[in-house]
Amino acid sequence: MKHDKIIIKGAREHNLKDVNLEIPRDKMVVFTGLSGSGKSSLAFDTIFAEGQRRYIESLSAYARQFLGRLDKPDVDDIEGLSPAISIDQKSHSANPRSTVATITEIYDYLRVLFARAGKPYCPTCGREIKKLTNEEIVDVAIDISDSNKDKKNFVILAPVVRGRKGEYYQMLYDFLNAGFSEVRIDGKYHSLRERVELSRYKVHDIDLVVDRLPSGMNFKDKDNRLRLAEAIESALKYGNAVVTLITDKEISLSAKFTCPHDGFSFPEIEPRLFSFNSPYGACPECHGLGTKDLWSEELCPVCDGKRLRVESLNVLIDDKSIHTVTALSIEDAHAFFSGLKFKATSMNEVAEAPLREIKNRLKFMMDVGLEYLTLDRKAGTLSGGEAQRIRLASQIGSRLVGTLYILDEPTIGLHQRDNAKLIQTLKDLRDLGNTIIVVEHDEDTIRESDYLVDIGPGAGVHGGKVVAQGPMPELVKDMKQNSLTLQYLRGKKFIEVPETRRKVVLPAERGVKVTAKTKLGGGSGTSQEFLKIRGAHANNLKDVDVDIPLRRFTAVTGVSGSGKSSLVYDVLYKAVADKLNHASFKAGGYKQILGLEYITRIINIDQAAIGRTPRSNPATYVGAWTHIRDLFAGTEDARVRGYKPGRFSFNVPGGRCENCEGHGTIAIEMHFLPTVYVTCDVCKGKRFDRETLAVEYKGKNIYDVLQMTIEEAVKFFEDIPWLMDKLTILEEVGLGYLELGQSATTLSGGEAQRIKLSAELGKRDTRRTLYLLDEPTTGLHFADVDQLIKVLQRLVDRGNTIVVIEHNLDVIKTADWVIDLGPEGGARGGTIVAVGAPEEIVRKKASVTGEYLRPLLQ
């Protein structure tokens, strides 16, 4: 019986409260709800985890030993489940050799195409070279002999070993039996009649001496030419189609590709010649990295960052090397391959299959708004949204049917203009016969879905229930279902446009009367200070000049790839951090930055984890844990026992459980299987020893406090002002559902970013600080975005400057100042198309952002 639904019964993973749910198959389903409500717990930790587990269980025992065994998620049953593929935000690789072209497998097809259809050109003289026949090699050898300036003997060698370890005793003995008498080993000649002893641990080069011809030999004589021809034929046989000729200079000729003018010889032209992951094709100096070493940004002096050996870079198609092609943007590469035609019909037939695959993958990436990326863009420099959309394009190329795809906010990093392309791509994937589940907050994606599942009503312990579900748009019209999300979709709730904005007076406008209602934040009077960037030209920036108003909230906007990150991080952050924080960044290109005297700090509040170990948690990061340990150390019971604050730390010996060293779990290495984490059998997961847990504050021991949510902790410590202040800020940024002791490794990027914001809000004096944020709305519901905006405005009211890279129109409409880049992405971006208050941006015809912002301001 074919299931037309996925039926979930009794899902209890994390905060899910015994969820029962039916969702249609072969549809696009959106899971939404407040941050922390349980969307990911249901989509990834329950549905995907169970689909993955069942797939692995269906494999043979032999295959399972390499894949490991997955635990069953906490769910009674799931019916109608297909094999599941997760495309999440953490899918991109930090491998320095991984690029857009390699992730999408375009590079594999490029290697095949260049090996089959590429023409080799001599790196020395630039002429095209073709394979030489044995007879042509003889003619080249005669020319070399005739030009023998020093009149030396003509030695003909067959290269039999190149750069390999070994004794080679048997091989040398076989050569002697075959009638040869001499070899050259590591540059020295040896008689085969004498015992040749080689170190088995040393790398050797061995050439078989096939013949020695006297200088001045007349090759017009038939016998002499025959002797030369037989010697070359024998050398090619033993030397893997390569012969080395020595007269006054040493030249290698090949029956593969050899330049007849200067003797430059190509290796076999095959796909691995174009691989920078293979010693056969990689630059021998940098081994395919393109830089001097793994940690350096300085280009390799031999390949100039091109990663490949000189032979690889001199095989051309339509006058372009494989490196030149990968340096193109996706859009330009698609245009190049779409117009590529070969003169020979047979060559078009040979190139047809790889060309088709290359063009299909390029088209898929253009469809999801990635046309501005270059094919050689390193994977580690991609945003989470870009990496996810690249994987999505690859999945469409696989043409799978009957699969369950689960995506985590694929619209991240995507301008509103490009949303329609992405949504259409998801629909195409659905129309192939697949089920799409998207965890998403983007309004366009929600409205275009077939079915909506809203989870809530709150976050953490207040969430975990399905509060609304049904087909779109019927659900919006069904007034019986009235969740928080539906209230925003119906327009009953919305993020308001500020009645007043902080005034920004450009230098040229000073003294000009401005009639708009304004509010000055972080200062008094009408003086306006700016951070002035002059001549920024990093990446695709085109020598731009930008004035960033200080003590104001500035949004940097523009289509994907327009140069926002290049301006804010590669230029502004790295240059200012170098000067103020004495960092050692290599800043992007710029002429000068003025106005640094007006700021004292620059802080990059990114989405990186707040700690690298499970011991890091929200309480330790914002400084609350120190106060909590002091409280416990100050109890009467602790004083009697002589316990100091260190006794209540799980990072140092003294009061923690030493069996698990304060982790609460013990990692057991399983060799071929994944590492298994088991609860510590001494402390039972409580992290502290029995004596430490005996000390209580208001009826709770130190472990009980770690298990509290931030919301619970605010009430528990309400009479401790200096502690409650820090915890209240965490609650205000929408993180009340997190546990105080929740491991940093389990937090999302958006949660980590808001914890960092909380830490800054908790500082007494942060005036004159420049804060940089990249898409802080990642993972946030409409209501969470409203809360976040209020937090950012508070920081500005204190006299700080906020610069945020953002596509979310609700954030942009509340900013004091907007810097819009474009007009397009990649090479066609990198210019300032509009600056001003949001009301001014919507009047600029060149601004794509203004076009989408206009309805929100009317």
# chains A, B, ... in the order shown; residues from 1 in each chain; ligands from 1
>>> residues_around(residues="Lys564 in chain A", least_positions_apart="6", cutoff="8 Å", atoms="only C-alpha atoms", output="CSV table (one decimal) with C-alpha atoms, in the first residue's frame")
chain,number,residue,atom,x,y,z
A,556,VAL,CA,24.4,47.2,4.9
A,557,THR,CA,22.2,45.7,2.2
A,558,GLY,CA,22.3,44.5,-1.4
A,805,ILE,CA,24.7,43.0,7.1
A,821,LEU,CA,25.5,47.8,-2.6
>>> select_by_dssp(residues="range 132-361 of chain A", states="strand (DSSP E)", output="VMD selection string")
chain A and resid 154 to 165 182 to 185 188 to 191 203 to 213 242 to 246 250 to 254 257 to 258 265 to 266 315 to 316
>>> closest_residue(among="A:Lys202, A:Tyr107, A:Arg307, A:Arg127", to="Arg361 in chain A", atoms="only C-alpha atoms")
A:Tyr107
>>> residues_around(residues="Asn95 in chain A", least_positions_apart="4", cutoff="9 Å", atoms="only C-alpha atoms", output="number ranges by chain")
A: 99, 378-380
>>> write_last_selection(atoms="N, CA and C atoms", output="mmCIF file, in the first residue's frame")
data_model
loop_
_atom_site.group_PDB
_atom_site.id
_atom_site.type_symbol
_atom_site.label_atom_id
_atom_site.label_comp_id
_atom_site.auth_asym_id
_atom_site.auth_seq_id
_atom_site.Cartn_x
_atom_site.Cartn_y
_atom_site.Cartn_z
ATOM 1 N N THR A 99 36.393 23.410 -3.196
ATOM 2 C CA THR A 99 35.882 24.610 -3.851
ATOM 3 C C THR A 99 34.447 24.385 -4.314
ATOM 4 N N LYS A 378 36.685 29.086 -2.422
ATOM 5 C CA LYS A 378 36.938 28.064 -1.410
ATOM 6 C C LYS A 378 35.689 27.789 -0.589
ATOM 7 N N ALA A 379 35.460 26.517 -0.298
ATOM 8 C CA ALA A 379 34.254 26.112 0.433
ATOM 9 C C ALA A 379 34.196 26.752 1.810
ATOM 10 N N GLY A 380 35.354 26.906 2.449
ATOM 11 C CA GLY A 380 35.386 27.465 3.796
ATOM 12 C C GLY A 380 34.972 28.915 3.873
#
>>> residues_around(residues="Asn604 in chain A", least_positions_apart="4", cutoff="9 Å", atoms="only C-alpha atoms", output="MDAnalysis selection string")
chainID A and resid 569 573 770:774
>>> write_last_selection(atoms="N, CA and C atoms", output="mmCIF file, in the first residue's frame")
data_model
loop_
_atom_site.group_PDB
_atom_site.id
_atom_site.type_symbol
_atom_site.label_atom_id
_atom_site.label_comp_id
_atom_site.auth_asym_id
_atom_site.auth_seq_id
_atom_site.Cartn_x
_atom_site.Cartn_y
_atom_site.Cartn_z
ATOM 1 N N TYR A 569 33.667 43.172 6.563
ATOM 2 C CA TYR A 569 34.630 42.311 7.261
ATOM 3 C C TYR A 569 36.030 42.372 6.669
ATOM 4 N N TYR A 573 36.381 45.575 9.326
ATOM 5 C CA TYR A 573 36.720 44.878 10.568
ATOM 6 C C TYR A 573 38.214 44.575 10.675
ATOM 7 N N LEU A 770 32.135 49.855 18.204
ATOM 8 C CA LEU A 770 31.555 49.556 16.888
ATOM 9 C C LEU A 770 31.252 48.056 16.848
ATOM 10 N N TYR A 771 29.968 47.717 16.741
ATOM 11 C CA TYR A 771 29.539 46.321 16.682
ATOM 12 C C TYR A 771 29.198 45.948 15.244
ATOM 13 N N LEU A 772 29.731 44.807 14.793
ATOM 14 C CA LEU A 772 29.435 44.304 13.458
ATOM 15 C C LEU A 772 28.678 42.980 13.588
ATOM 16 N N LEU A 773 27.570 42.850 12.867
ATOM 17 C CA LEU A 773 26.774 41.623 12.905
ATOM 18 C C LEU A 773 26.423 41.202 11.485
ATOM 19 N N ASP A 774 26.491 39.908 11.243
ATOM 20 C CA ASP A 774 26.154 39.368 9.928
ATOM 21 C C ASP A 774 24.877 38.539 10.044
#
>>> residues_around(residues="Glu443 in chain A", least_positions_apart="2", cutoff="10 Å", atoms="only C-alpha atoms", output="CSV table (one decimal) with all heavy atoms, in the first residue's frame")
chain,number,residue,atom,x,y,z
A,440,GLU,N,11.8,27.0,8.4
A,440,GLU,CA,11.9,28.3,7.8
A,440,GLU,C,11.1,29.4,8.5
A,440,GLU,O,10.1,29.1,9.1
A,440,GLU,CB,11.5,28.2,6.3
A,440,GLU,CG,11.8,29.5,5.5
A,440,GLU,CD,13.3,29.9,5.5
A,440,GLU,OE1,14.0,29.4,4.6
A,440,GLU,OE2,13.7,30.6,6.4
A,441,HIS,N,11.7,30.6,8.5
A,441,HIS,CA,10.9,31.8,9.0
A,441,HIS,C,10.6,32.8,7.9
A,441,HIS,O,9.9,33.8,8.2
A,441,HIS,CB,11.8,32.5,10.1
A,441,HIS,CG,12.1,31.6,11.3
A,441,HIS,ND1,11.1,31.3,12.2
A,441,HIS,CD2,13.2,31.0,11.7
A,441,HIS,CE1,11.6,30.5,13.2
A,441,HIS,NE2,12.9,30.3,12.9
A,445,THR,N,8.6,32.1,1.7
A,445,THR,CA,8.7,30.6,1.6
A,445,THR,C,7.5,30.0,2.3
A,445,THR,O,6.9,29.0,1.8
A,445,THR,CB,10.0,30.1,2.3
A,445,THR,OG1,11.1,30.8,1.7
A,445,THR,CG2,10.2,28.6,2.0
A,446,ILE,N,7.1,30.6,3.5
A,446,ILE,CA,5.9,30.1,4.2
A,446,ILE,C,4.7,30.2,3.3
A,446,ILE,O,3.9,29.2,3.2
A,446,ILE,CB,5.7,30.8,5.5
A,446,ILE,CG1,6.9,30.5,6.5
A,446,ILE,CG2,4.4,30.5,6.2
A,446,ILE,CD1,6.9,31.4,7.7
A,447,ARG,N,4.5,31.3,2.7
A,447,ARG,CA,3.3,31.5,1.9
A,447,ARG,C,3.2,30.7,0.7
A,447,ARG,O,2.1,30.3,0.2
A,447,ARG,CB,3.1,33.0,1.5
A,447,ARG,CG,2.8,33.9,2.7
A,447,ARG,CD,2.5,35.4,2.3
A,447,ARG,NE,2.3,36.2,3.4
A,447,ARG,CZ,1.1,36.4,4.1
A,447,ARG,NH1,0.1,35.6,3.7
A,447,ARG,NH2,1.0,37.2,5.1
A,448,GLU,N,4.4,30.3,0.1
A,448,GLU,CA,4.4,29.5,-1.1
A,448,GLU,C,4.4,28.0,-0.8
A,448,GLU,O,4.4,27.2,-1.8
A,448,GLU,CB,5.7,29.9,-1.9
A,448,GLU,CG,5.7,31.2,-2.5
A,448,GLU,CD,4.6,31.3,-3.7
A,448,GLU,OE1,4.4,30.3,-4.4
A,448,GLU,OE2,4.0,32.4,-3.8
A,485,THR,N,2.4,32.7,14.7
A,485,THR,CA,2.9,32.9,13.3
A,485,THR,C,1.7,33.3,12.5
A,485,THR,O,1.9,34.2,11.6
A,485,THR,CB,3.4,31.5,12.8
A,485,THR,OG1,4.5,31.1,13.7
A,485,THR,CG2,3.9,31.6,11.4
A,488,TYR,N,1.0,37.0,12.5
A,488,TYR,CA,1.9,37.8,11.7
A,488,TYR,C,1.6,37.7,10.2
A,488,TYR,O,1.6,38.6,9.5
A,488,TYR,CB,3.4,37.4,12.0
A,488,TYR,CG,4.0,38.1,13.2
A,488,TYR,CD1,4.0,37.4,14.4
A,488,TYR,CD2,4.6,39.3,13.1
A,488,TYR,CE1,4.6,38.0,15.5
A,488,TYR,CE2,5.1,40.0,14.2
A,488,TYR,CZ,5.1,39.3,15.4
A,488,TYR,OH,5.7,39.9,16.5
A,489,LEU,N,1.2,36.4,9.8
A,489,LEU,CA,0.9,36.2,8.4
A,489,LEU,C,-0.4,36.9,8.0
A,489,LEU,O,-0.6,37.4,6.9
A,489,LEU,CB,0.7,34.7,8.1
A,489,LEU,CG,2.0,33.9,8.2
A,489,LEU,CD1,1.7,32.4,8.0
A,489,LEU,CD2,3.0,34.3,7.1
A,781,HIS,N,12.2,33.8,14.5
A,781,HIS,CA,10.7,34.0,14.2
A,781,HIS,C,10.5,35.5,14.1
A,781,HIS,O,11.2,36.3,14.6
A,781,HIS,CB,9.9,33.4,15.3
A,781,HIS,CG,8.4,33.3,15.0
A,781,HIS,ND1,7.6,34.3,15.4
A,781,HIS,CD2,7.7,32.4,14.4
A,781,HIS,CE1,6.3,34.0,15.1
A,781,HIS,NE2,6.4,32.9,14.4
A,782,PHE,N,9.3,35.9,13.5
A,782,PHE,CA,8.9,37.3,13.5
A,782,PHE,C,9.0,38.0,14.9
A,782,PHE,O,9.5,39.1,15.0
A,782,PHE,CB,7.5,37.5,12.9
A,782,PHE,CG,7.2,36.8,11.6
A,782,PHE,CD1,6.5,35.7,11.5
A,782,PHE,CD2,7.8,37.4,10.4
A,782,PHE,CE1,6.2,35.1,10.3
A,782,PHE,CE2,7.5,36.8,9.2
A,782,PHE,CZ,6.8,35.6,9.1
>>> residues_around(residues="range 783-786 of chain A", least_positions_apart="5", cutoff="7 Å", atoms="only C-alpha atoms", output="list in words")
Leu34, Ile495, Gly734 and Thr777 of chain A
>>> closest_residue(among="A:Leu382, A:Val461, A:Ala555, A:Val350", to="Leu113 in chain A", atoms="only C-alpha atoms")
A:Val350
>>> residues_around(residues="range 284-291 of chain A", least_positions_apart="6", cutoff="6 Å", atoms="only C-alpha atoms", output="ChimeraX atom specification")
/A:276,298-300,305-307
>>> closest_residue(among="A:Leu81, A:Val568, A:Leu59, A:Ala158", to="Ala231 in chain A", atoms="only C-alpha atoms")
A:Ala158
